[in-house]
file coords.txt (compact mmCIF, C-alpha atoms)
# COMPACT_ATOMS: atom_id res chain seq x y z
CA MET H 660 73.14 97.56 108.77
CA SER H 661 72.73 101.26 109.51
CA SER H 662 72.87 100.59 113.26
CA LEU H 663 76.06 98.57 112.81
CA LYS H 664 77.57 101.36 110.72
CA ARG H 665 76.64 103.91 113.37
CA LEU H 666 78.17 101.70 116.07
CA ILE H 667 81.41 101.40 114.11
CA GLN H 668 81.55 105.16 113.52
CA LEU H 669 80.88 105.82 117.19
CA SER H 670 83.56 103.33 118.24
CA PHE H 671 86.19 104.79 115.93
CA GLY H 672 85.32 108.33 116.99
CA PHE H 673 85.63 107.37 120.65
CA PHE H 674 88.89 105.51 119.97
CA CYS H 675 90.44 108.48 118.15
CA ALA H 676 89.33 110.94 120.84
CA LEU H 677 90.58 108.63 123.60
CA ASN H 678 94.03 108.49 121.98
CA GLY H 679 94.37 112.25 121.62
CA ILE H 680 93.97 112.45 117.85
CA VAL H 681 91.10 114.87 117.27
CA PRO H 682 89.59 117.65 119.43
CA PHE H 683 86.16 117.31 117.82
CA TYR H 684 83.41 114.71 117.65
CA PHE H 685 80.56 113.78 115.34
CA GLY H 686 77.04 114.43 116.56
CA PHE H 687 74.64 111.80 115.22
CA SER H 688 71.59 113.92 115.99
CA SER H 689 72.87 117.02 114.16
CA ARG H 690 74.98 115.05 111.62
CA LYS H 691 77.74 117.62 112.07
CA LEU H 692 81.17 117.92 113.66
CA HIS H 693 81.51 119.77 116.95
CA TRP H 694 84.64 121.18 118.55
CA SER H 695 85.26 120.27 122.18
CA ARG H 696 87.50 122.23 124.53
CA VAL H 697 87.64 119.26 126.90
CA LEU H 698 89.00 117.03 124.13
CA ALA H 699 91.55 119.70 123.21
CA TYR H 700 92.92 119.86 126.77
CA TYR H 701 92.79 116.09 127.10
CA ARG H 702 94.75 115.69 123.87
CA ILE H 703 97.60 117.87 125.13
CA ILE H 704 97.87 115.97 128.42
CA HIS H 705 97.56 112.60 126.69
CA ASN H 706 100.27 113.41 124.15
CA PHE H 707 102.73 114.48 126.85
CA ILE H 708 102.12 111.25 128.75
CA VAL H 709 102.51 109.09 125.64
CA ILE H 710 105.70 110.74 124.43
CA GLY H 711 107.16 110.54 127.94
CA LEU H 712 106.44 106.82 128.30
CA THR H 713 107.79 106.10 124.82
CA ILE H 714 111.05 107.97 125.40
CA LYS H 715 111.42 106.25 128.76
CA PHE H 716 110.96 102.84 127.15
CA ILE H 717 113.53 103.56 124.41
CA THR H 718 115.99 104.91 127.00
CA ASN H 719 115.58 101.79 129.12
CA TYR H 720 116.04 99.60 126.08
CA TRP H 721 119.20 101.47 125.09
CA HIS H 722 120.55 101.04 128.62
CA PHE H 723 119.75 97.34 128.37
CA HIS H 724 121.44 97.16 124.96
CA THR H 725 124.68 98.70 126.23
CA HIS H 726 124.91 96.07 128.98
CA VAL H 727 123.84 93.11 126.87
CA GLU H 728 125.90 89.96 126.92
CA HIS H 729 128.38 89.40 124.10
CA SER H 730 126.80 86.06 123.25
CA ARG H 731 123.69 87.76 121.98
CA SER H 732 123.29 89.10 118.50
CA LYS H 733 124.34 92.73 118.48
CA LEU H 734 122.72 93.18 115.09
CA MET H 735 119.37 91.88 116.32
CA GLU H 736 119.48 94.18 119.32
CA LEU H 737 120.30 97.11 117.07
CA ASN H 738 117.49 96.14 114.70
CA THR H 739 114.97 96.11 117.53
CA PHE H 740 116.23 99.44 118.84
CA THR H 741 115.93 100.91 115.34
CA HIS H 742 112.37 99.66 115.15
CA PHE H 743 111.44 101.40 118.39
CA THR H 744 113.11 104.57 117.11
CA ILE H 745 110.96 104.39 113.97
CA VAL H 746 107.93 103.96 116.24
CA LEU H 747 108.97 107.17 118.01
CA LEU H 748 109.23 108.99 114.67
CA SER H 749 105.81 107.64 113.68
CA LEU H 750 104.42 108.86 116.97
CA LEU H 751 105.90 112.33 116.43
CA SER H 752 104.44 112.42 112.92
CA CYS H 753 100.99 111.59 114.33
CA MET H 754 101.31 114.33 116.95
CA GLU H 755 102.46 116.84 114.34
CA CYS H 756 99.54 115.95 112.11
CA ALA H 757 97.05 116.03 114.98
CA HIS H 758 98.14 119.48 116.20
CA ARG H 759 99.26 121.40 113.12
CA GLN H 760 96.81 119.91 110.62
CA GLN H 761 93.70 119.66 112.78
CA ASP H 762 91.89 122.46 110.93
CA ARG H 763 92.56 120.84 107.56
CA ILE H 764 91.45 117.43 108.83
CA TYR H 765 88.30 119.04 110.18
CA GLY H 766 87.74 120.76 106.83
CA MET H 767 88.15 117.54 104.85
CA ILE H 768 85.69 115.63 107.02
CA GLU H 769 83.24 118.54 106.92
CA LYS H 770 83.36 118.65 103.11
CA LEU H 771 82.82 114.90 102.90
CA LEU H 772 79.81 115.16 105.20
CA ASP H 773 78.37 117.94 103.03
CA LEU H 774 78.88 115.86 99.89
CA ASP H 775 77.28 112.90 101.63
CA ARG H 776 74.21 114.94 102.57
CA LEU H 777 73.92 116.46 99.10
CA SER H 778 74.25 113.06 97.42
CA PHE H 779 71.54 111.68 99.68
CA GLU H 780 69.23 114.59 98.84
CA LEU H 781 69.79 114.04 95.11
CA GLY H 782 69.11 110.32 95.45
CA TYR H 783 72.60 109.12 94.55
CA ILE H 784 73.22 105.71 96.12
CA ALA H 785 76.41 103.67 95.84
CA PRO H 786 76.09 100.05 94.67
CA LYS H 787 75.51 97.52 97.43
CA SER H 788 78.60 95.52 96.51
CA HIS H 789 80.81 98.60 96.85
CA GLN H 790 79.27 99.53 100.18
CA ARG H 791 79.80 95.98 101.43
CA TYR H 792 83.44 96.05 100.31
CA ILE H 793 84.20 99.28 102.16
CA GLY H 794 82.27 98.06 105.19
CA LEU H 795 84.36 94.90 105.37
CA LEU H 796 87.60 96.88 105.10
CA VAL H 797 86.56 99.25 107.88
CA LEU H 798 85.34 96.37 110.01
CA ALA H 799 88.65 94.55 109.51
CA ILE H 800 90.51 97.33 111.33
CA THR H 801 88.63 96.59 114.54
CA PRO H 802 90.48 93.30 115.32
CA LEU H 803 93.80 95.15 115.01
CA LEU H 804 93.05 96.95 118.27
CA ALA H 805 92.45 93.63 120.03
CA LEU H 806 95.64 92.32 118.45
CA ARG H 807 97.54 95.31 119.83
CA LEU H 808 96.23 94.51 123.32
CA PHE H 809 97.33 90.87 123.04
CA ILE H 810 100.74 91.99 121.79
CA HIS H 811 101.16 94.30 124.76
CA VAL H 812 100.26 91.52 127.18
CA GLY H 813 102.60 89.11 125.40
CA LEU H 814 105.51 91.55 125.48
CA ASN H 815 105.19 92.08 129.21
CA LYS H 816 104.88 88.33 129.71
CA ILE H 817 108.14 87.41 127.96
CA ARG H 818 110.17 90.49 128.88
CA THR H 819 111.87 88.73 131.80
CA ARG H 820 112.96 85.86 129.55
CA LEU H 821 114.41 88.39 127.12
CA GLY H 822 116.33 89.98 129.95
CA PHE H 823 114.20 93.12 130.22
CA ASP H 824 113.86 94.40 133.77
CA PHE H 825 111.55 97.25 132.73
CA PRO H 826 107.93 97.35 131.51
CA CYS H 827 107.12 97.65 127.80
CA ASN H 828 105.42 101.05 127.78
CA CYS H 829 104.55 101.06 124.09
CA PHE H 830 100.83 100.30 124.22
CA LEU H 831 99.62 103.92 124.26
CA SER H 832 101.99 104.99 121.49
CA GLU H 833 100.90 102.11 119.25
CA CYS H 834 97.25 102.92 119.92
CA MET H 835 97.84 106.56 119.00
CA ILE H 836 99.53 105.56 115.75
CA LEU H 837 96.63 103.21 115.02
CA GLY H 838 94.18 105.99 115.85
CA MET H 839 95.77 108.41 113.37
CA SER H 840 95.87 105.63 110.79
CA SER H 841 92.17 105.02 111.41
CA VAL H 842 91.40 108.70 110.75
CA GLY H 843 93.20 108.54 107.41
CA PHE H 844 91.59 105.21 106.59
CA GLY H 845 88.14 106.58 107.37
CA ILE H 846 88.68 109.66 105.19
CA MET H 847 89.78 107.53 102.24
CA ALA H 848 86.85 105.16 102.73
CA GLU H 849 84.42 108.08 102.73
CA ILE H 850 86.05 109.49 99.58
CA CYS H 851 85.44 106.17 97.83
CA GLN H 852 81.81 106.01 98.93
CA CYS H 853 81.11 109.59 97.89
CA TRP H 854 82.77 108.97 94.53
CA TRP H 855 80.66 105.88 93.90
CA ARG H 856 77.50 107.84 94.72
CA LEU H 857 78.49 110.53 92.25
CA GLN H 858 79.22 107.91 89.62
CA THR H 859 75.70 106.58 90.07
CA GLY H 860 74.35 110.09 89.61
CA LEU H 861 76.57 110.65 86.56
CA LYS H 862 75.30 107.49 84.88
CA ARG H 863 71.71 108.43 85.60
CA THR H 864 72.18 111.97 84.30
CA LEU H 865 73.94 110.95 81.08
CA LEU H 866 71.54 108.14 80.25
CA ASP H 867 68.36 110.16 80.73
CA ASP H 868 68.26 112.85 78.02
CA SER H 869 64.69 113.72 78.95
CA LEU H 870 65.78 115.49 82.14
CA PRO H 871 64.78 119.16 81.90
CA ASP H 872 67.81 120.32 83.89
CA GLN H 873 70.33 117.78 82.59
CA LEU H 874 72.97 120.43 81.96
CA ASN H 875 72.61 121.93 85.44
CA GLN H 876 72.84 118.53 87.09
CA LEU H 877 75.91 117.70 85.04
CA LEU H 878 77.60 120.94 86.06
CA GLN H 879 76.76 120.26 89.69
CA LEU H 880 78.23 116.76 89.43
CA GLN H 881 81.40 118.20 87.93
CA ARG H 882 81.80 120.55 90.89
CA MET H 883 81.25 117.68 93.32
CA PHE H 884 83.77 115.46 91.54
CA GLN H 885 86.30 118.29 91.59
CA CYS H 886 85.72 118.73 95.30
CA LEU H 887 86.55 115.05 95.89
CA ILE H 888 89.69 115.32 93.77
CA ASP H 889 90.80 118.34 95.80
CA ILE H 890 90.11 116.47 99.05
CA THR H 891 92.24 113.55 97.85
CA ALA H 892 95.12 115.87 96.99
CA GLU H 893 94.81 117.62 100.35
CA PHE H 894 94.77 114.26 102.12
CA CYS H 895 98.16 113.42 100.60
CA THR H 896 99.51 116.79 101.75
CA VAL H 897 98.16 116.54 105.29
CA PHE H 898 99.22 112.94 105.91
CA LYS H 899 102.48 112.97 103.94
CA PHE H 900 104.78 112.63 106.96
CA VAL H 901 102.51 110.03 108.55
CA LEU H 902 102.48 108.00 105.34
CA LEU H 903 106.26 108.30 104.98
CA CYS H 904 106.83 106.93 108.49
CA PHE H 905 104.26 104.24 107.73
CA LEU H 906 106.23 103.08 104.68
CA VAL H 907 109.57 103.15 106.50
CA ARG H 908 108.17 101.18 109.40
CA ASN H 909 106.62 98.53 107.18
CA VAL H 910 109.86 98.00 105.30
CA TRP H 911 111.86 97.76 108.51
CA CYS H 912 109.34 95.33 110.02
CA GLY H 913 109.77 93.08 107.01
CA ILE H 914 113.56 93.31 107.27
CA VAL H 915 113.60 92.37 110.95
CA ILE H 916 111.23 89.42 110.50
CA GLY H 917 113.10 88.21 107.41
CA TYR H 918 116.46 88.38 109.16
CA MET H 919 115.15 86.50 112.19
CA LEU H 920 113.64 83.76 110.03
CA VAL H 921 116.96 83.27 108.25
CA ARG H 922 118.78 83.25 111.57
CA ILE H 923 116.43 80.67 113.07
CA PHE H 924 116.09 78.26 110.16
CA CYS H 925 119.51 78.62 108.52
CA GLY H 926 121.74 79.20 111.54
CA HIS H 927 124.00 76.71 113.28
CA GLY H 928 121.84 76.46 116.33
CA VAL H 929 118.75 77.89 117.89
CA SER H 930 118.80 78.97 121.50
CA GLU H 931 115.80 79.77 123.63
CA LEU H 932 116.78 83.43 123.52
CA HIS H 933 116.72 83.41 119.72
CA LEU H 934 113.23 81.95 119.74
CA TYR H 935 112.03 84.66 122.08
CA GLN H 936 113.73 87.29 119.93
CA LEU H 937 111.87 85.90 116.91
CA TYR H 938 108.65 86.04 118.88
CA LEU H 939 109.44 89.62 119.89
CA ALA H 940 110.15 90.63 116.29
CA PHE H 941 106.99 88.91 115.08
CA VAL H 942 104.58 90.40 117.60
CA ILE H 943 105.83 93.98 117.24
CA CYS H 944 105.76 93.84 113.44
CA ILE H 945 102.62 91.86 112.64
CA GLN H 946 100.10 94.64 113.27
CA PRO H 947 101.72 97.25 110.95
CA LEU H 948 102.04 94.64 108.21
CA LEU H 949 98.39 93.60 108.54
CA TYR H 950 97.28 97.23 108.46
CA SER H 951 99.39 97.83 105.36
CA LEU H 952 97.46 95.10 103.54
CA LEU H 953 94.15 96.79 104.33
CA LEU H 954 95.52 100.20 103.36
CA ASN H 955 96.88 98.91 100.06
CA CYS H 956 93.47 97.44 99.19
CA LEU H 957 91.80 100.78 99.91
CA THR H 958 94.37 102.90 98.07
CA HIS H 959 94.15 100.55 95.10
CA THR H 960 90.43 101.30 95.06
CA THR H 961 91.04 105.06 95.09
CA ASP H 962 93.46 104.66 92.18
CA SER H 963 90.75 103.08 90.04
CA LEU H 964 88.09 105.71 90.75
CA MET H 965 89.24 108.14 88.09
CA GLU H 966 89.57 105.52 85.36
CA THR H 967 86.04 104.25 85.94
CA THR H 968 84.66 107.78 85.68
CA LYS H 969 86.59 108.40 82.47
CA GLU H 970 85.04 105.28 80.93
CA ILE H 971 81.56 106.47 81.86
CA VAL H 972 82.18 109.85 80.26
CA ARG H 973 83.71 108.35 77.10
CA GLU H 974 80.75 106.05 76.54
CA SER H 975 78.20 108.87 76.65
CA GLN H 976 77.14 110.06 73.18
CA GLY H 977 74.26 111.72 71.36
CA HIS H 978 73.49 114.63 73.68
CA GLU H 979 72.62 118.25 73.05
CA LEU H 980 75.33 120.67 72.01
CA LEU H 981 75.76 122.33 75.40
CA VAL H 982 75.71 118.99 77.20
CA ASP H 983 78.33 117.59 74.80
CA ARG H 984 80.56 120.60 75.37
CA SER H 985 80.19 120.22 79.11
CA ILE H 986 81.11 116.53 78.86
CA GLN H 987 84.16 117.36 76.75
CA TRP H 988 85.26 119.96 79.26
CA PHE H 989 84.75 117.47 82.07
CA SER H 990 86.86 114.90 80.19
CA LEU H 991 89.68 117.42 79.85
CA GLN H 992 89.54 118.16 83.56
CA LEU H 993 89.72 114.46 84.41
CA ALA H 994 92.56 113.83 81.96
CA TRP H 995 95.22 115.78 83.87
CA GLN H 996 94.11 114.91 87.41
CA HIS H 997 94.25 111.74 89.49
CA THR H 998 93.05 110.19 92.72
CA ASN H 999 96.30 108.45 93.64
CA VAL H 1000 97.43 108.36 97.26
CA HIS H 1001 101.12 109.21 97.19
CA VAL H 1002 103.93 110.22 99.53
CA TYR H 1003 105.65 113.48 98.58
CA GLY H 1004 104.62 112.82 94.99
CA THR H 1005 107.18 109.99 94.77
CA TYR H 1006 105.69 106.75 96.07
CA ARG H 1007 102.17 105.73 95.17
CA ILE H 1008 100.62 103.60 97.88
CA ASN H 1009 98.96 100.73 96.04
CA ARG H 1010 99.43 97.03 95.45
CA ARG H 1011 102.44 97.61 93.22
CA LEU H 1012 104.29 99.14 96.14
CA VAL H 1013 104.08 95.77 97.92
CA PHE H 1014 106.41 94.20 95.36
CA GLN H 1015 108.80 97.15 95.50
CA SER H 1016 108.90 96.92 99.28
CA ALA H 1017 109.45 93.16 99.10
CA SER H 1018 112.49 93.63 96.85
CA VAL H 1019 113.96 96.19 99.26
CA ILE H 1020 113.31 93.84 102.19
CA LEU H 1021 114.99 90.87 100.49
CA LEU H 1022 117.99 92.98 99.52
CA HIS H 1023 118.58 94.30 103.03
CA VAL H 1024 117.97 90.91 104.62
CA SER H 1025 120.79 89.53 102.47
CA TYR H 1026 123.02 92.43 103.55
CA MET H 1027 122.29 91.78 107.21
CA VAL H 1028 122.88 88.04 106.89
CA GLN H 1029 126.25 88.67 105.27
CA SER H 1030 127.29 91.17 107.94
CA ASP H 1031 126.27 88.83 110.77
CA TYR H 1032 127.27 85.55 109.13
CA ARG H 1033 129.89 84.55 111.71
CA SER H 1034 127.58 84.86 114.68
CA MET H 1035 124.96 82.70 112.96

call {"tool": "encode", "arguments": {"input": "coords.txt", "output": "structure tokens"}}
result
Amino acid sequence: MSSLKRLIQLSFGFFCALNGIVPFYFGFSSRKLHWSRVLAYYRIIHNFIVIGLTIKFITNYWHFHTHVEHSRSKLMELNTFTHFTIVLLSLLSCMECAHRQQDRIYGMIEKLLDLDRLSFELGYIAPKSHQRYIGLLVLAITPLLALRLFIHVGLNKIRTRLGFDFPCNCFLSECMILGMSSVGFGIMAEICQCWWRLQTGLKRTLLDDSLPDQLNQLLQLQRMFQCLIDITAEFCTVFKFVLLCFLVRNVWCGIVIGYMLVRIFCGHGVSELHLYQLYLAFVICIQPLLYSLLLNCLTHTTDSLMETTKEIVRESQGHELLVDRSIQWFSLQLAWQHTNVHVYGTYRINRRLVFQSASVILLHVSYMVQSDYRSM
């Protein structure tokens, strides 16, 4: 299992470096992060190439849209163009985060590695079921890369039937967005694992009153918990624009797919072009929606971390005076803090947000159907 975990970490690190996300790498021998000047130069060149190809693709698509036949759905063409524009904004948010926030990303990962090493030295081990759950979530991201490759091949295969006389140069941009998403996903997964290790240590410390340094261990655990809370808050600050574009893109993907389904199944006729437009809308939107499901599962887990720790602290009783005072102080510190993943302090990314997004999608699909009712 450790070899598989190392292989996954190595693959994700290589994937993120290949897509110009991070200018550093993780050394398995030293168990530390190392800056690389080669990766820094490569990232600059890679980002210029990606943004150039993306702008060229959107420009070509706009030129195609202005010369489109009147028999085609103008609204569907505009929806697709809007989607590619949102992809461009998502790409710019990833580049902004990769360049301006690289030191903070490096700092967060470095702190998590330090907490991981310290937890291992203290003998704190997360439950096997929790480790398996996080491992499955991380492993589930891997097929999304293969799905992106199949989508790219499919787009270039049907582009002539859609009337495109230009290549779909969106593979590198989508891979870069997925790479930045993988960095955020990995940080949140490591936060969860570190938190579960500390919870194991907290239970062991509170249950064993015979420990000679129980108070010192409890104070050390409090500092480590506070460090994780600070990392979670910093994560929301660093990735706020990336998460905002992620939410906007998911909602728009749902709107486009919903509108096309209504147009296909409730319209007065289905042409071959409409079927290919539905296929186009489906293949360009399926990967972000699948990733959102994985992200919502992980963020729902981070939401529940604080509540579980509060229950552990509340159930502890019958300790020495100084230990009881330390526990009370720890409870007060936990009471006004949280581990929620939010966007600008407004939207909490969890399973509840799925239902809110679904209501927005249904509302805007009905608006679009009403505005394009005659052409249906």

call {"tool": "closest_atom_pairs", "arguments": {"input": "coords.txt", "of": "region 869-926 of chain H", "to": "region 737-743 of chain H", "cutoff": "10 Å", "atoms": "all atoms listed in the file", "output": "Markdown table"}}
result
| residue | atom | partner | partner_atom | distance |
| --- | --- | --- | --- | --- |
| H:Val907 | CA | H:His742 | CA | 9.7 |
| H:Arg908 | CA | H:His742 | CA | 7.3 |
| H:Asn909 | CA | H:His742 | CA | 9.9 |
| H:Trp911 | CA | H:His742 | CA | 6.9 |
| H:Cys912 | CA | H:His742 | CA | 7.4 |
| H:Ile914 | CA | H:Asn738 | CA | 8.9 |
| H:Val915 | CA | H:Asn738 | CA | 6.6 |
| H:Tyr918 | CA | H:Asn738 | CA | 9.6 |

call {"tool": "closest_residue", "arguments": {"input": "coords.txt", "among": "H:Val1013, H:Leu887, H:Ile667, H:Ala757", "to": "Leu772 (chain H)", "atoms": "only C-alpha atoms"}}
result
H:Leu887

call {"tool": "atom_distance", "arguments": {"input": "coords.txt", "atom1": "CA of Thr961 (chain H)", "atom2": "CA of Glu769 (chain H)"}}
result
19.6 Å

call {"tool": "residues_near_point", "arguments": {"input": "coords.txt", "point": "(88.9, 120.5, 117.4)", "cutoff": "12 Å", "atoms": "only C-alpha atoms", "output": "PyMOL selection string"}}
result
chain H and resi 676+679-685+692-703+757-766+768

call {"tool": "atom_distance", "arguments": {"input": "coords.txt", "atom1": "CA of Leu804 (chain H)", "atom2": "CA of Leu677 (chain H)"}}
result
13.1 Å

call {"tool": "atom_distance", "arguments": {"input": "coords.txt", "atom1": "CA of Ser752 (chain H)", "atom2": "CA of Gly794 (chain H)"}}
result
27.5 Å

call {"tool": "residues_around", "arguments": {"input": "coords.txt", "residues": "region 987-999 of chain H", "least_positions_apart": "5", "cutoff": "8 Å", "atoms": "all atoms listed in the file", "output": "short mmCIF file (atom, residue, chain, number, x, y, z; two decimals) with C-alpha atoms, in the frame of the given file"}}
result
data_model
loop_
_atom_site.label_atom_id
_atom_site.label_comp_id
_atom_site.auth_asym_id
_atom_site.auth_seq_id
_atom_site.Cartn_x
_atom_site.Cartn_y
_atom_site.Cartn_z
CA GLN H 881 81.40 118.20 87.93
CA ILE H 888 89.69 115.32 93.77
CA THR H 891 92.24 113.55 97.85
CA ALA H 892 95.12 115.87 96.99
CA THR H 958 94.37 102.90 98.07
CA THR H 961 91.04 105.06 95.09
CA ASP H 962 93.46 104.66 92.18
CA SER H 963 90.75 103.08 90.04
CA LEU H 964 88.09 105.71 90.75
CA MET H 965 89.24 108.14 88.09
CA LYS H 969 86.59 108.40 82.47
CA VAL H 972 82.18 109.85 80.26
CA ARG H 973 83.71 108.35 77.10
CA ARG H 1007 102.17 105.73 95.17
CA ILE H 1008 100.62 103.60 97.88
#

call {"tool": "residues_around", "arguments": {"input": "coords.txt", "residues": "region 1001-1006 of chain H", "least_positions_apart": "3", "cutoff": "7 Å", "atoms": "only C-alpha atoms", "output": "count of residues only"}}
result
4

call {"tool": "closest_residue", "arguments": {"input": "coords.txt", "among": "H:Ser985, H:Arg791, H:Leu906, H:Leu734", "to": "Val1028 (chain H)", "atoms": "all atoms listed in the file"}}
result
H:Leu734

call {"tool": "residues_around", "arguments": {"input": "coords.txt", "residues": "Gly845 (chain H)", "least_positions_apart": "4", "cutoff": "9 Å", "atoms": "all atoms listed in the file", "output": "JSON, numbers by chain"}}
result
{"H": [671, 797, 840, 841, 849, 850]}

call {"tool": "axis_aligned_box", "arguments": {"input": "coords.txt", "around": "region 761-768 of chain H", "padding_each_side": "8 Å", "output": "JSON"}}
result
{"center_x": 89.7, "center_y": 119.0, "center_z": 108.8, "size_x": 24.0, "size_y": 22.8, "size_z": 23.9}

call {"tool": "residues_around", "arguments": {"input": "coords.txt", "residues": "Glu974 (chain H)", "least_positions_apart": "5", "cutoff": "12 Å", "atoms": "only C-alpha atoms", "output": "list in words"}}
result
Leu861, Lys862, Leu865, Leu866, Thr967, Thr968, Lys969, Asp983, Ile986, Gln987 and Ser990 of chain H

call {"tool": "residues_around", "arguments": {"input": "coords.txt", "residues": "Ile793 (chain H)", "least_positions_apart": "2", "cutoff": "9 Å", "atoms": "all atoms listed in the file", "output": "PyMOL selection string"}}
result
chain H and resi 788-791+795-798+848-849+851-852+957

call {"tool": "build_atoms", "arguments": {"input": "coords.txt", "residues": "region 965-984 of chain H", "atoms": "N, CA and C atoms", "output": "compact mmCIF listing (two decimals), in the coordinates of the input"}}
result
# COMPACT_ATOMS: atom_id res chain seq x y z
N MET H 965 89.19 107.22 89.22
CA MET H 965 89.24 108.14 88.09
C MET H 965 89.05 107.41 86.76
N GLU H 966 89.67 106.25 86.62
CA GLU H 966 89.57 105.52 85.36
C GLU H 966 88.13 105.08 85.08
N THR H 967 87.44 104.66 86.13
CA THR H 967 86.04 104.25 85.94
C THR H 967 85.19 105.42 85.49
N THR H 968 85.42 106.59 86.07
CA THR H 968 84.66 107.78 85.68
C THR H 968 84.97 108.18 84.25
N LYS H 969 86.22 108.07 83.85
CA LYS H 969 86.59 108.40 82.47
C LYS H 969 85.88 107.49 81.48
N GLU H 970 85.75 106.21 81.82
CA GLU H 970 85.04 105.28 80.93
C GLU H 970 83.57 105.65 80.81
N ILE H 971 82.97 106.06 81.91
CA ILE H 971 81.56 106.47 81.86
C ILE H 971 81.38 107.68 80.96
N VAL H 972 82.29 108.64 81.07
CA VAL H 972 82.18 109.85 80.26
C VAL H 972 82.44 109.55 78.79
N ARG H 973 83.41 108.67 78.50
CA ARG H 973 83.71 108.35 77.10
C ARG H 973 82.56 107.63 76.41
N GLU H 974 81.83 106.83 77.15
CA GLU H 974 80.75 106.05 76.54
C GLU H 974 79.49 106.86 76.29
N SER H 975 79.41 108.06 76.83
CA SER H 975 78.20 108.87 76.65
C SER H 975 78.26 109.59 75.30
N GLN H 976 77.21 109.45 74.51
CA GLN H 976 77.14 110.06 73.18
C GLN H 976 75.70 110.49 72.89
N GLY H 977 75.57 111.35 71.86
CA GLY H 977 74.26 111.72 71.36
C GLY H 977 73.49 112.67 72.25
N HIS H 978 74.16 113.66 72.82
CA HIS H 978 73.49 114.63 73.68
C HIS H 978 73.37 115.97 72.95
N GLU H 979 72.73 116.91 73.61
CA GLU H 979 72.62 118.25 73.05
C GLU H 979 73.99 118.92 72.99
N LEU H 980 74.05 120.01 72.25
CA LEU H 980 75.33 120.67 72.01
C LEU H 980 75.97 121.15 73.31
N LEU H 981 75.20 121.82 74.15
CA LEU H 981 75.76 122.33 75.40
C LEU H 981 76.16 121.20 76.35
N VAL H 982 75.38 120.14 76.35
CA VAL H 982 75.71 118.99 77.20
C VAL H 982 76.99 118.32 76.70
N ASP H 983 77.12 118.19 75.37
CA ASP H 983 78.33 117.59 74.80
C ASP H 983 79.56 118.43 75.12
N ARG H 984 79.43 119.73 75.04
CA ARG H 984 80.56 120.60 75.37
C ARG H 984 80.93 120.49 76.85
